[in-house]
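**Q** Just dropping this structure here.
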Amino acid sequence: MTTTATTNESADTIFARHRARVFAIAYRLTGTVSDAEDVVQETWLRWNKADINEIVTPEAWLTTVASRLGLDHLRRMKARRETYVGPWLPEPLVEASTGEAQPTPEDKLALADDISMALLHMLERLAPDERTAFLLHEAFDYDYGELASLLGKSEAACRQIVSRARRRVSDERPRFNTSVSEHARLAQAFSLALSSEDPNALIACLKPDAVLLSDGGGKAAAALNPIFTADHITRFLFGIARKFKMPFSPLPVTINGQPGFALIHEGQLHSLISVDIEDGQIATIYIMRNPDKIARAAEALGLPLLANP
């Protein structure tokens with residue numbers, strides 16, 4: 001779809017029509033809502049300074065600017081992510097849930113086919129150029145000529161970058177084979193096992209080789225390294241529960257388009273938990289505790305964020 005700027009539409013109106021797509025690209029590149037919003041804002045500022053009557057295709061202009069800004073952000077953040085305290089997880093997009101997954105506004109617009117925690121977390125392993133090329137080519141239909149212009153490389157080099165990134169994604173991305181209802185059922189069973197303090201029920205939900213990733217960012221109590229195997233995960237979670245003696249109420253929510261839940265303590269948001277399902281059991285658990293990353297979720301859910309987590 002192309003839209004020329006030689007109409008009587010204002011710059012504000014044109015930008016508003018494409019804002020969701022700009023945010024979609026920025027979020028998938030940066031992995032955080034705050035950084036994505038910064039990219040959107042900077043894109044708007046550049047758009048507002050441009051002569052829109054000279055821009056033939058506003059959508060292409062805006063997405064290219066957003067992509068360049070997102071790539072610049074990735075390059076700047078690479079060293080900082082390497083020194084991040086504990087595992088780095090994306091900032092979640094959260095909606096209240098009734099137990100059935102509800103699409104995010106971006107999913108409704110079909111701007112890309114996947115914003116799952118699994119994919120975004122896996123993309124962190126790619127170099128900035130690889131991540132940008134893969135996302136723009138696979139999710140946003142950029143051709144190799146457009147990638148070459150954006151990355152400052154030849155089309156042949158861009159083909160190799162996308163091919164290499166695609167192989168890594170294919171090799172490392174979990175193979176999900178579960179329905180939304182099954183995903184919701186297992187997420188609920190997991191939260192119920194936690195709240196009822198039933199270790200046997202928890203182990204029954206988990207694959208034997210399951211892994212838990214907990215992101216506190218040095219600002220909230222969390223495991224500093226991944227925890228492997230169902231037995232170790234169960235011991236860790238119930239050990240924490242015994243140590244801190246904090247009763248939790250699980251609240252079903254949708255996290256990046258998939259069923260998950262929020263842990264609520266005395267009416268305050270303690271953490272967000274998302275799970276990946278494989279072969280009818282939970283393969284990966286993502287626990288998001290960094291207050292910088294879950295503050296927007298708390299606001300969206302109408303809950304205060306737990307102080308001194």
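Each chain in the structure tokens gets a letter, A, B, ..., in the order shown, and its residues are numbered from 1; ligands are numbered from 1 in order too.
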Hey, what's within 10 Å of Arg131 in chain A if we count only C-alpha atoms and toss same-chain stuff fewer than 3 positions away? As a list in words, please?
**A**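 The filter keeps Arg28, Leu29, Thr30, Leu71, Leu74, Leu120, Met122, Leu123, Glu124, Arg125, Leu126, Ala127, Pro128, Phe134, Leu135, Leu136, His137, Ile161, Val162, Ala165 and Arg166 of chain A.
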**Q** Run DSSP on the backbone and give me the residues of range 83-272 of chain A it puts in alpha helix (DSSP H), as a ChimeraX atom specification.
**A** /A:105-108,117-123,128-138,144-151,155-172,180-195,199-205,230-244
**Q** With a distance cut-off of 9 Å and only C-alpha atoms, select the neighbouring residues of Leu89 in chain A, excluding the residue or stretch itself and same-chain residues fewer than 6 positions from it, and output the selection as a list of chain:residue names.
**A**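 Near neighbours after the sequence-gap exclusion: A:Gly31, A:Met117, A:Leu120, A:His121, A:Glu124, A:Leu213, A:Ser214, A:Asp215, A:Tyr286, A:Ile287, A:Met288, A:Lys293.
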**Q** So which one's closest to Glu146 in chain A, A:Leu305, A:Leu272, A:Ala60, A:Ala201? Using only C-alpha atoms, please.
**A** A:Ala60
**Q** Find the residues around Ser149 in chain A up to 12 Å (only C-alpha atoms counted), leave out those fewer than 2 positions away in its own chain, and share them as a ChimeraX atom specification.
**A** /A:64-65,67-68,133,142-147,151-155,157-158
**Q** Would you export the selected residues with N, CA and C atoms as a CSV table (one decimal), in the first residue's frame, please?
**A**
chain,number,residue,atom,x,y,z
A,64,THR,N,11.4,3.7,7.0
A,64,THR,CA,12.8,3.7,6.8
A,64,THR,C,13.5,4.5,7.9
A,65,VAL,N,13.0,5.7,8.2
A,65,VAL,CA,13.6,6.5,9.2
A,65,VAL,C,13.5,5.7,10.6
A,67,SER,N,13.4,2.6,11.1
A,67,SER,CA,14.3,1.4,11.0
A,67,SER,C,15.8,1.9,11.3
A,68,ARG,N,16.2,3.0,10.7
A,68,ARG,CA,17.5,3.5,10.9
A,68,ARG,C,17.7,3.9,12.3
A,133,ALA,N,17.9,-6.7,9.7
A,133,ALA,CA,17.7,-7.2,8.3
A,133,ALA,C,16.6,-8.3,8.4
A,142,TYR,N,10.6,-5.9,3.5
A,142,TYR,CA,11.6,-5.2,2.8
A,142,TYR,C,12.3,-6.0,1.8
A,143,ASP,N,12.6,-5.5,0.7
A,143,ASP,CA,13.4,-6.3,-0.3
A,143,ASP,C,14.9,-6.0,-0.1
A,144,TYR,N,15.7,-6.8,-0.8
A,144,TYR,CA,17.1,-6.7,-0.5
A,144,TYR,C,17.7,-5.4,-0.9
A,145,GLY,N,17.1,-4.8,-1.9
A,145,GLY,CA,17.6,-3.4,-2.3
A,145,GLY,C,17.4,-2.4,-1.2
A,146,GLU,N,16.2,-2.5,-0.6
A,146,GLU,CA,15.9,-1.6,0.5
A,146,GLU,C,16.8,-1.8,1.7
A,147,LEU,N,17.1,-3.1,2.0
A,147,LEU,CA,18.0,-3.4,3.1
A,147,LEU,C,19.4,-2.9,2.8
A,151,LEU,N,21.3,-0.5,5.3
A,151,LEU,CA,22.5,-1.0,6.1
A,151,LEU,C,23.8,-0.5,5.5
A,152,GLY,N,23.8,0.0,4.3
A,152,GLY,CA,25.0,0.5,3.6
A,152,GLY,C,25.8,-0.7,3.2
A,153,LYS,N,25.2,-1.8,2.7
A,153,LYS,CA,25.9,-3.0,2.3
A,153,LYS,C,25.3,-3.3,0.9
A,154,SER,N,26.0,-4.3,0.2
A,154,SER,CA,25.5,-4.7,-1.1
A,154,SER,C,24.3,-5.6,-0.9
A,155,GLU,N,23.5,-5.8,-2.0
A,155,GLU,CA,22.3,-6.7,-1.9
A,155,GLU,C,22.8,-8.1,-1.6
A,157,ALA,N,25.4,-9.1,0.1
A,157,ALA,CA,25.7,-9.1,1.6
A,157,ALA,C,24.4,-9.2,2.4
A,158,CYS,N,23.4,-8.4,2.0
A,158,CYS,CA,22.1,-8.5,2.8
A,158,CYS,C,21.5,-9.8,2.7
**Q** For a quick check of understanding, using only C-alpha atoms, which of A:Ala66, A:Ala283, A:Ile25, A:Ala184 has the smallest distance to Gln41 in chain A?
**A**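 The closest residue to Gln41 in chain A is A:Ala66.
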**Q** Which residue, A:Val94, A:Leu192, A:Ile52, A:Ala36, has the smallest gap to Leu69 in chain A when you use only C-alpha atoms?
**A**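 The shortest atom-to-atom distance to Leu69 in chain A comes from A:Ala36.
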**Q** Return as a list in words the full set of residues in range 67-227 of chain A whose backbone-based DSSP assignment is strand (DSSP E).
**A** Val94, Glu95, Ala96, Leu206, Lys207, Pro208, Asp209, Ala210, Val211, Leu212, Leu213, Ser214, Asp215 and Ile227 of chain A
**Q** Which residues are near Pro247 in chain A? Cut-off 9 Å, only C-alpha atoms, ignore same chain within fewer than 4 positions. Put them as a list in words.
**A** Ser195, Ala241, Ile264, His265 and Glu266 of chain A
**Q** Looking at only C-alpha atoms, which of A:Ser179, A:Ser170, A:Thr83, A:Thr43 is the one that sits closest to Glu278 in chain A?
**A**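 Among A:Ser179, A:Ser170, A:Thr83, A:Thr43, it is A:Ser179 that comes nearest to Glu278 in chain A.
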**Q** Fewer than 4 positions away in the same chain doesn't count, so skip those; otherwise give me all residues within 12 Å of Thr284 in chain A, counting only C-alpha atoms, as a VMD selection string.
**A** chain A and resid 117 to 118 121 173 to 176 187 190 205 to 214 226 to 230 233 273 to 278
**Q** Store the residues of this selection in a file with N, CA and C atoms, as a compact mmCIF listing (two decimals), in the first residue's frame.
**A**
# COMPACT_ATOMS: atom_id res chain seq x y z
N MET A 117 7.45 -13.51 23.50
CA MET A 117 8.65 -13.35 24.30
C MET A 117 9.77 -14.24 23.78
N ALA A 118 9.40 -15.44 23.33
CA ALA A 118 10.41 -16.38 22.84
C ALA A 118 11.19 -15.81 21.66
N HIS A 121 13.22 -12.60 22.70
CA HIS A 121 14.38 -12.98 23.51
C HIS A 121 15.45 -13.62 22.65
N ARG A 173 14.81 -21.19 17.70
CA ARG A 173 13.47 -20.83 18.14
C ARG A 173 12.69 -22.07 18.52
N PRO A 174 12.00 -22.05 19.67
CA PRO A 174 11.22 -23.21 20.08
C PRO A 174 10.15 -23.56 19.05
N ARG A 175 9.87 -24.84 18.91
CA ARG A 175 8.82 -25.31 17.99
C ARG A 175 7.53 -25.46 18.77
N PHE A 176 6.66 -24.47 18.66
CA PHE A 176 5.40 -24.52 19.39
C PHE A 176 4.39 -25.35 18.62
N ALA A 187 -0.89 -22.33 31.40
CA ALA A 187 -0.52 -21.13 32.15
C ALA A 187 -1.32 -21.05 33.44
N PHE A 190 -0.13 -23.73 35.90
CA PHE A 190 1.14 -23.31 36.49
C PHE A 190 0.90 -22.29 37.61
N CYS A 205 3.47 -29.75 35.27
CA CYS A 205 3.28 -28.78 34.18
C CYS A 205 4.52 -28.63 33.31
N LEU A 206 5.68 -29.00 33.86
CA LEU A 206 6.95 -28.65 33.23
C LEU A 206 7.58 -29.80 32.45
N LYS A 207 8.23 -29.45 31.35
CA LYS A 207 9.07 -30.43 30.67
C LYS A 207 10.27 -30.74 31.57
N PRO A 208 10.78 -31.94 31.54
CA PRO A 208 11.94 -32.25 32.38
C PRO A 208 13.13 -31.32 32.15
N ASP A 209 13.31 -30.85 30.90
CA ASP A 209 14.44 -29.98 30.59
C ASP A 209 14.02 -28.51 30.48
N ALA A 210 12.96 -28.14 31.18
CA ALA A 210 12.47 -26.76 31.15
C ALA A 210 13.54 -25.80 31.65
N VAL A 211 13.40 -24.52 31.26
CA VAL A 211 14.33 -23.48 31.71
C VAL A 211 13.54 -22.28 32.19
N LEU A 212 14.05 -21.63 33.24
CA LEU A 212 13.43 -20.43 33.79
C LEU A 212 14.40 -19.26 33.64
N LEU A 213 13.88 -18.14 33.11
CA LEU A 213 14.64 -16.91 32.97
C LEU A 213 13.95 -15.83 33.78
N SER A 214 14.71 -15.16 34.64
CA SER A 214 14.13 -14.16 35.54
C SER A 214 14.88 -12.85 35.39
N PRO A 226 20.10 -18.41 34.23
CA PRO A 226 18.99 -19.30 33.91
C PRO A 226 18.97 -20.51 34.85
N ILE A 227 17.79 -21.01 35.14
CA ILE A 227 17.64 -22.19 35.99
C ILE A 227 17.11 -23.32 35.10
N PHE A 228 17.80 -24.44 35.10
CA PHE A 228 17.49 -25.54 34.21
C PHE A 228 16.88 -26.72 34.97
N THR A 229 16.02 -27.44 34.30
CA THR A 229 15.32 -28.66 34.70
C THR A 229 14.13 -28.35 35.62
N ALA A 230 13.10 -29.18 35.46
CA ALA A 230 11.86 -29.00 36.22
C ALA A 230 12.10 -29.08 37.72
N ILE A 233 13.83 -25.85 38.95
CA ILE A 233 12.88 -24.73 38.88
C ILE A 233 11.89 -24.80 40.03
N ILE A 273 4.53 -13.21 34.44
CA ILE A 273 5.08 -14.51 34.06
C ILE A 273 4.46 -14.95 32.73
N SER A 274 5.33 -15.25 31.79
CA SER A 274 4.93 -15.77 30.49
C SER A 274 5.57 -17.13 30.31
N VAL A 275 4.91 -18.02 29.58
CA VAL A 275 5.45 -19.36 29.39
C VAL A 275 5.38 -19.76 27.92
N ASP A 276 6.31 -20.61 27.52
CA ASP A 276 6.28 -21.25 26.21
C ASP A 276 5.90 -22.70 26.40
N ILE A 277 5.06 -23.19 25.51
CA ILE A 277 4.56 -24.56 25.60
C ILE A 277 5.15 -25.40 24.48
N GLU A 278 5.56 -26.60 24.83
CA GLU A 278 6.10 -27.54 23.85
C GLU A 278 5.64 -28.94 24.22
